[in-house]
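Text of the file input30.cif, holding mmCIF, C-alpha atoms:
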data_upload
loop_
_atom_site.label_atom_id
_atom_site.label_comp_id
_atom_site.auth_asym_id
_atom_site.auth_seq_id
_atom_site.Cartn_x
_atom_site.Cartn_y
_atom_site.Cartn_z
CA THR D 1 0.27 -31.01 11.79
CA SER D 2 -1.11 -33.53 14.26
CA PRO D 3 -0.75 -32.89 18.02
CA GLY D 4 1.07 -36.21 18.37
CA PHE D 5 3.76 -35.21 15.89
CA VAL D 6 4.24 -31.83 17.57
CA ARG D 7 4.62 -33.58 20.93
CA TYR D 8 7.16 -35.96 19.36
CA LEU D 9 9.24 -33.02 18.10
CA LYS D 10 9.11 -31.31 21.50
CA ASP D 11 10.15 -34.52 23.27
CA GLY D 12 13.07 -34.95 20.87
CA ALA D 13 14.23 -31.38 21.47
CA ARG D 14 13.93 -31.91 25.23
CA VAL D 15 16.07 -35.05 25.06
CA LEU D 16 18.67 -33.22 22.99
CA ARG D 17 18.89 -30.43 25.58
CA SER D 18 18.88 -32.56 28.71
CA ASP D 19 20.79 -35.74 27.78
CA HIS D 20 24.49 -34.87 27.51
CA ARG D 21 25.59 -38.30 26.26
CA PHE D 22 22.87 -38.37 23.63
CA ARG D 23 23.93 -34.91 22.42
CA LEU D 24 27.64 -35.76 22.24
CA PHE D 25 26.86 -39.00 20.44
CA LEU D 26 24.70 -37.15 17.93
CA TYR D 27 27.55 -34.71 17.25
CA SER D 28 29.89 -37.65 16.73
CA GLN D 29 27.45 -39.12 14.24
CA TRP D 30 27.40 -35.88 12.26
CA LEU D 31 31.19 -36.00 12.14
CA GLY D 32 30.93 -39.61 11.04
CA GLY D 33 28.77 -38.41 8.17
CA ALA D 34 31.48 -35.93 7.26
CA THR D 35 34.00 -38.78 7.22
CA LEU D 36 31.71 -40.85 4.99
CA MET D 37 31.40 -37.81 2.74
CA ALA D 38 34.52 -39.08 1.01
CA LEU D 39 33.14 -42.57 0.39
CA PRO D 40 32.03 -42.10 -3.25
CA PHE D 41 35.30 -40.38 -4.08
CA TYR D 42 37.56 -43.35 -3.40
CA ILE D 43 36.30 -44.81 -6.68
CA VAL D 44 36.81 -41.43 -8.35
CA ALA D 45 40.39 -41.37 -7.04
CA ALA D 46 41.02 -44.92 -8.24
CA THR D 47 39.80 -44.24 -11.76
CA GLY D 48 41.63 -40.92 -11.74
CA VAL D 49 44.99 -42.64 -11.37
CA GLY D 50 44.26 -44.95 -14.28
CA LEU D 51 42.40 -47.96 -12.88
CA GLY D 52 39.74 -49.43 -15.16
CA LEU D 53 36.27 -50.86 -14.66
CA GLY D 54 37.66 -54.32 -13.99
CA ASP D 55 39.86 -52.92 -11.24
CA VAL D 56 36.88 -51.12 -9.73
CA GLY D 57 35.13 -54.50 -9.50
CA VAL D 58 38.13 -55.87 -7.62
CA LEU D 59 38.01 -52.93 -5.21
CA LEU D 60 34.29 -53.40 -4.52
CA GLY D 61 34.98 -57.08 -3.90
CA ALA D 62 37.71 -56.09 -1.43
CA GLN D 63 35.23 -53.82 0.34
CA THR D 64 32.72 -56.65 0.68
CA ALA D 65 35.43 -59.02 1.90
CA GLY D 66 36.49 -56.49 4.53
CA ALA D 67 32.92 -56.12 5.76
CA LEU D 68 32.38 -59.88 6.02
CA ALA D 69 35.74 -60.66 7.60
CA SER D 70 35.36 -57.96 10.24
CA ASN D 71 32.04 -59.16 11.68
CA ALA D 72 33.59 -61.59 14.14
CA ILE D 73 36.24 -59.06 15.20
CA TRP D 74 33.76 -56.28 15.93
CA GLY D 75 31.31 -58.60 17.64
CA ARG D 76 33.97 -59.98 19.97
CA LEU D 77 35.39 -56.55 20.73
CA GLY D 78 31.98 -55.03 21.44
CA ASP D 79 30.91 -57.91 23.68
CA ARG D 80 34.13 -57.88 25.69
CA HIS D 81 34.78 -54.17 26.08
CA GLY D 82 31.50 -52.44 25.27
CA LYS D 83 30.19 -50.64 22.25
CA LEU D 84 31.89 -47.33 23.05
CA ALA D 85 35.27 -49.07 23.08
CA LEU D 86 34.36 -50.57 19.71
CA LEU D 87 33.50 -47.12 18.37
CA GLN D 88 36.82 -45.75 19.63
CA VAL D 89 38.80 -48.49 17.90
CA VAL D 90 36.87 -48.08 14.66
CA GLY D 91 37.13 -44.29 14.96
CA GLY D 92 40.91 -44.51 15.25
CA LEU D 93 41.21 -46.87 12.30
CA ARG D 94 38.96 -44.57 10.29
CA LEU D 95 41.94 -42.28 9.88
CA VAL D 96 43.55 -44.85 7.59
CA PRO D 97 41.39 -44.62 4.41
CA PRO D 98 41.44 -40.83 3.88
CA PHE D 99 45.11 -40.60 4.85
CA GLY D 100 45.90 -43.51 2.54
CA ALA D 101 43.98 -41.96 -0.34
CA ILE D 102 45.91 -38.70 0.05
CA ALA D 103 49.19 -40.62 0.13
CA ILE D 104 48.31 -42.57 -3.01
CA LEU D 105 47.24 -39.48 -4.93
CA TRP D 106 50.35 -37.54 -3.95
CA PHE D 107 53.11 -40.15 -3.80
CA MET D 108 52.10 -43.14 -5.91
CA THR D 109 51.47 -41.52 -9.27
CA ASP D 110 54.42 -43.36 -10.82
CA PHE D 111 53.60 -46.79 -9.40
CA THR D 112 52.61 -49.70 -11.61
CA ALA D 113 48.94 -50.49 -12.18
CA SER D 114 49.17 -53.67 -10.09
CA ALA D 115 50.76 -51.79 -7.16
CA THR D 116 48.05 -49.15 -7.35
CA VAL D 117 45.32 -51.80 -7.35
CA ILE D 118 46.90 -53.43 -4.29
CA ALA D 119 47.16 -50.09 -2.47
CA PHE D 120 43.55 -49.18 -3.19
CA GLY D 121 42.50 -52.76 -2.41
CA VAL D 122 43.90 -52.42 1.10
CA LEU D 123 42.00 -49.16 1.53
CA PHE D 124 38.76 -50.76 0.38
CA VAL D 125 39.21 -53.68 2.80
CA PHE D 126 39.51 -51.08 5.55
CA ILE D 127 36.49 -49.15 4.25
CA GLY D 128 34.30 -52.25 4.24
CA GLY D 129 35.37 -53.38 7.68
CA LEU D 130 35.16 -49.95 9.28
CA THR D 131 31.76 -49.12 7.81
CA ASN D 132 30.48 -52.39 9.20
CA GLY D 133 32.10 -51.79 12.60
CA MET D 134 30.68 -48.30 12.86
CA THR D 135 27.18 -49.57 12.14
CA ILE D 136 27.46 -52.31 14.78
CA GLY D 137 28.93 -49.93 17.35
CA TYR D 138 26.50 -47.10 16.65
CA LEU D 139 23.40 -49.27 17.03
CA GLY D 140 24.71 -50.99 20.14
CA TYR D 141 25.83 -47.80 21.88
CA LEU D 142 22.58 -46.04 21.10
CA MET D 143 20.76 -48.88 22.86
CA GLU D 144 23.16 -48.62 25.82
CA ILE D 145 22.53 -44.91 26.40
CA SER D 146 18.76 -45.09 25.82
CA PRO D 147 16.47 -45.56 28.83
CA ASN D 148 14.98 -49.04 28.81
CA ASP D 149 11.42 -47.77 28.55
CA ARG D 150 12.20 -45.23 25.79
CA ARG D 151 14.54 -47.05 23.43
CA PRO D 152 12.25 -46.88 20.37
CA ALA D 153 11.70 -43.15 20.94
CA TYR D 154 15.43 -42.46 21.43
CA SER D 155 16.22 -44.39 18.26
CA ALA D 156 13.65 -42.37 16.32
CA TYR D 157 14.94 -39.06 17.72
CA PHE D 158 18.53 -39.96 16.94
CA ASN D 159 17.87 -41.16 13.40
CA ALA D 160 15.80 -38.07 12.62
CA LEU D 161 18.43 -35.68 13.98
CA ALA D 162 21.35 -37.51 12.34
CA SER D 163 19.70 -37.93 8.94
CA PRO D 164 20.96 -34.62 7.45
CA ALA D 165 24.48 -36.09 7.56
CA ALA D 166 23.45 -38.35 4.66
CA LEU D 167 23.54 -35.28 2.41
CA LEU D 168 27.21 -34.54 3.11
CA PRO D 169 28.51 -36.35 -0.02
CA LEU D 170 26.97 -33.42 -1.90
CA ALA D 171 29.30 -31.15 0.06
CA GLY D 172 32.13 -33.48 -0.93
CA ALA D 173 31.27 -32.95 -4.57
CA VAL D 174 31.40 -29.18 -4.09
CA ILE D 175 34.78 -29.41 -2.35
CA ALA D 176 36.18 -31.65 -5.09
CA ASP D 177 34.92 -29.30 -7.79
CA LEU D 178 36.03 -26.03 -6.18
CA ILE D 179 39.27 -27.15 -4.51
CA SER D 180 40.56 -30.64 -5.30
CA LEU D 181 39.95 -34.34 -4.74
CA PRO D 182 42.64 -34.59 -2.01
CA ALA D 183 40.81 -31.78 -0.16
CA VAL D 184 37.78 -34.07 0.19
CA PHE D 185 39.92 -36.69 1.89
CA ALA D 186 41.59 -34.03 4.06
CA VAL D 187 38.17 -32.87 5.32
CA ALA D 188 37.19 -36.49 5.96
CA LEU D 189 40.44 -37.02 7.88
CA LEU D 190 39.80 -33.95 10.04
CA ALA D 191 36.23 -35.09 10.73
CA ALA D 192 37.50 -38.53 11.78
CA ILE D 193 39.96 -36.91 14.22
CA LEU D 194 37.22 -34.74 15.74
CA GLN D 195 34.89 -37.73 15.99
CA LEU D 196 37.57 -39.67 17.86
CA MET D 197 37.93 -36.75 20.29
CA LEU D 198 34.19 -36.84 21.00
CA TYR D 199 34.36 -40.58 21.68
CA ARG D 200 37.07 -39.89 24.24
CA ARG D 201 34.86 -37.25 25.86
CA LEU D 202 32.06 -39.81 26.04
CA ALA D 203 34.45 -42.27 27.65
CA ARG D 204 35.49 -39.70 30.29
CA TRP D 205 31.81 -38.88 30.88
CA GLU D 206 31.09 -42.55 31.61
CA GLU D 207 34.09 -42.80 33.95
CA ASP D 208 32.82 -39.83 35.95
#
Could you show the structure in this file as structure tokens?
Amino acid sequence: TSPGFVRYLKDGARVLRSDHRFRLFLYSQWLGGATLMALPFYIVAATGVGLGLGDVGVLLGAQTAGALASNAIWGRLGDRHGKLALLQVVGGLRLVPPFGAIAILWFMTDFTASATVIAFGVLFVFIGGLTNGMTIGYLGYLMEISPNDRRPAYSAYFNALASPAALLPLAGAVIADLISLPAVFAVALLAAILQLMLYRRLARWEED
């Protein structure tokens, strides 16, 4: 191991211990990963209630449309009110997809195929827009809380420390296999609530 890499690890650990905002934001990103844990399972839920491959294509198109249509909204909101406010709005709206998926699986089993496609289509519009908004807000807020002379280092520390969250869909697969598909969305819903609470703590920290 090179001395430079060891120094990099020590500096990252020092930032994690000393920078309260950085640490809270990292925790919120882990919770965001837990929310995204459910992402592959929306398609599983859609096919599980009888939608076909053609319908899945419609849903993916709805997701792309949501991402594209939301760009102007998130950009305007972030510029006017700051990136943390953007994250709070997106974090609140992130409750919609997992809650909606649970509602569809539990209460819409007797709906027509077209009604089910519409219901899932709305969810996928939200998923596309919210995923886009979270990316915009996360990058912008990370730049805001990073010291001007250490932004590349802070970005590297954050990405390295947050990267294990990318493996959480594997945990979602375990939950779906051992418990049920709605349980995956319930865990994602809980993670979204906890993430929103951390954003509020960050907001209070900035006010103080």
Closest of D:Gly54, D:Ala156, D:Ala188, D:Ile102 to D:Ala171 - atom-to-atom distances counting only C-alpha atoms: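 Among the listed residues, D:Ala188 lies closest to D:Ala171.
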Point out the residue among D:Pro40, D:Gly52, D:Gly32, D:Gly128 with the least atom-to-atom distance to D:Ser114, counting only C-alpha atoms.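 Looking only at the distances to D:Ser114, the closest residue turns out to be D:Gly52.
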Sel. within 10 Å of pt (28.7, -39.9, 8.3), counting only C-alpha atoms, output as a PDB file with C-alpha atoms, keeping the file's coordinate frame:
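Written file, result-v1.pdb:
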ATOM      1  CA  SER D  28      29.890 -37.650  16.730  1.00  0.00           C
ATOM      2  CA  GLN D  29      27.450 -39.120  14.240  1.00  0.00           C
ATOM      3  CA  TRP D  30      27.400 -35.880  12.260  1.00  0.00           C
ATOM      4  CA  LEU D  31      31.190 -36.000  12.140  1.00  0.00           C
ATOM      5  CA  GLY D  32      30.930 -39.610  11.040  1.00  0.00           C
ATOM      6  CA  GLY D  33      28.770 -38.410   8.170  1.00  0.00           C
ATOM      7  CA  ALA D  34      31.480 -35.930   7.260  1.00  0.00           C
ATOM      8  CA  THR D  35      34.000 -38.780   7.220  1.00  0.00           C
ATOM      9  CA  LEU D  36      31.710 -40.850   4.990  1.00  0.00           C
ATOM     10  CA  MET D  37      31.400 -37.810   2.740  1.00  0.00           C
ATOM     11  CA  ALA D  38      34.520 -39.080   1.010  1.00  0.00           C
ATOM     12  CA  LEU D  39      33.140 -42.570   0.390  1.00  0.00           C
ATOM     13  CA  THR D 131      31.760 -49.120   7.810  1.00  0.00           C
ATOM     14  CA  MET D 134      30.680 -48.300  12.860  1.00  0.00           C
ATOM     15  CA  ALA D 162      21.350 -37.510  12.340  1.00  0.00           C
ATOM     16  CA  SER D 163      19.700 -37.930   8.940  1.00  0.00           C
ATOM     17  CA  PRO D 164      20.960 -34.620   7.450  1.00  0.00           C
ATOM     18  CA  ALA D 165      24.480 -36.090   7.560  1.00  0.00           C
ATOM     19  CA  ALA D 166      23.450 -38.350   4.660  1.00  0.00           C
ATOM     20  CA  LEU D 167      23.540 -35.280   2.410  1.00  0.00           C
ATOM     21  CA  LEU D 168      27.210 -34.540   3.110  1.00  0.00           C
ATOM     22  CA  PRO D 169      28.510 -36.350  -0.020  1.00  0.00           C
ATOM     23  CA  ALA D 188      37.190 -36.490   5.960  1.00  0.00           C
ATOM     24  CA  ALA D 191      36.230 -35.090  10.730  1.00  0.00           C
ATOM     25  CA  ALA D 192      37.500 -38.530  11.780  1.00  0.00           C
TER      26      ALA D 192
END
Work out how far apart atom CA of D:Asp79 and atom CA of D:Leu123 are and give it in Å to one decimal.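 Interatomic distance, atom CA of D:Asp79 to atom CA of D:Leu123: 26.3 Å.
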Counting all atoms listed in the file, give me one row per residue of stretch 141-176 of chain D with an atom at most 10 Å from an atom of stretch 84-90 of chain D, showing the shortest contact pair and its distance in Å to one decimal, sorted by chain then residue number, as a tab-separated table.
residue	atom	partner	partner_atom	distance
D:Tyr141	CA	D:Leu84	CA	6.2
D:Leu142	CA	D:Leu84	CA	9.6
D:Glu144	CA	D:Leu84	CA	9.2
Export of the given selection (C-alpha atoms) as an mmCIF file, in the coordinates of the input:
data_model
loop_
_atom_site.group_PDB
_atom_site.id
_atom_site.type_symbol
_atom_site.label_atom_id
_atom_site.label_comp_id
_atom_site.auth_asym_id
_atom_site.auth_seq_id
_atom_site.Cartn_x
_atom_site.Cartn_y
_atom_site.Cartn_z
ATOM 1 C CA TYR D 141 25.830 -47.800 21.880
ATOM 2 C CA LEU D 142 22.580 -46.040 21.100
ATOM 3 C CA GLU D 144 23.160 -48.620 25.820
#
Residues returned when the PyMOL selection byres ((chain D and resi 124) around 12) runs on this file, as JSON, numbers by chain: {"D": [39, 40, 41, 42, 43, 46, 55, 56, 57, 58, 59, 60, 61, 62, 63, 64, 65, 66, 67, 94, 96, 97, 98, 100, 101, 117, 118, 119, 120, 121, 122, 123, 125, 126, 127, 128, 129, 130, 131]}
Go ahead and save the picked residues with C-alpha atoms, as a tab-separated table (two decimals), in the frame of the given file.
chain	number	residue	atom	x	y	z
D	39	LEU	CA	33.14	-42.57	0.39
D	40	PRO	CA	32.03	-42.10	-3.25
D	41	PHE	CA	35.30	-40.38	-4.08
D	42	TYR	CA	37.56	-43.35	-3.40
D	43	ILE	CA	36.30	-44.81	-6.68
D	46	ALA	CA	41.02	-44.92	-8.24
D	55	ASP	CA	39.86	-52.92	-11.24
D	56	VAL	CA	36.88	-51.12	-9.73
D	57	GLY	CA	35.13	-54.50	-9.50
D	58	VAL	CA	38.13	-55.87	-7.62
D	59	LEU	CA	38.01	-52.93	-5.21
D	60	LEU	CA	34.29	-53.40	-4.52
D	61	GLY	CA	34.98	-57.08	-3.90
D	62	ALA	CA	37.71	-56.09	-1.43
D	63	GLN	CA	35.23	-53.82	0.34
D	64	THR	CA	32.72	-56.65	0.68
D	65	ALA	CA	35.43	-59.02	1.90
D	66	GLY	CA	36.49	-56.49	4.53
D	67	ALA	CA	32.92	-56.12	5.76
D	94	ARG	CA	38.96	-44.57	10.29
D	96	VAL	CA	43.55	-44.85	7.59
D	97	PRO	CA	41.39	-44.62	4.41
D	98	PRO	CA	41.44	-40.83	3.88
D	100	GLY	CA	45.90	-43.51	2.54
D	101	ALA	CA	43.98	-41.96	-0.34
D	117	VAL	CA	45.32	-51.80	-7.35
D	118	ILE	CA	46.90	-53.43	-4.29
D	119	ALA	CA	47.16	-50.09	-2.47
D	120	PHE	CA	43.55	-49.18	-3.19
D	121	GLY	CA	42.50	-52.76	-2.41
D	122	VAL	CA	43.90	-52.42	1.10
D	123	LEU	CA	42.00	-49.16	1.53
D	125	VAL	CA	39.21	-53.68	2.80
D	126	PHE	CA	39.51	-51.08	5.55
D	127	ILE	CA	36.49	-49.15	4.25
D	128	GLY	CA	34.30	-52.25	4.24
D	129	GLY	CA	35.37	-53.38	7.68
D	130	LEU	CA	35.16	-49.95	9.28
D	131	THR	CA	31.76	-49.12	7.81
Between D:Arg21, D:Leu26, D:Asp11, D:Thr112, which residue has the minimum interatomic distance to D:Arg150, considering only C-alpha atoms? D:Asp11
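Comparing the minimum interatomic distances between D:Gly82 and each of D:Ala13, D:Ile175, D:Leu181, D:Ile136, counting all atoms listed in the file, we find that D:Ile136 sits nearest.
For the atom pair formed by atom CA of D:Ile145 and atom CA of D:Leu161, the distance is 16.0 Å, given to one decimal.
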From the options D:Ala203, D:Leu139, D:Leu196, D:Ala113, which residue's atoms come nearest to D:Asn159, counting only C-alpha atoms?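 Checking each candidate against D:Asn159, we get D:Leu139 as the closest.
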With the PyMOL selection byres ((chain D and resi 15) around 12) as the selection, what would be picked from this file? Answer as an NGL selection string, please. :D and (8-14 or 16-24 or 26 or 145-147 or 150 or 153-158 or 161)
If you measure from atom CA of D:Gly78 to atom CA of D:Leu189, what distance in Å do you get, rounded to one decimal?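 Rounded to one decimal, the two atoms are 24.1 Å apart.
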With all atoms listed in the file as the basis for distance, which of D:Leu93, D:Ala115, D:Met197, D:Ala103 is at the shortest distance from D:Leu51?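 The shortest atom-to-atom distance to D:Leu51 comes from D:Ala115.
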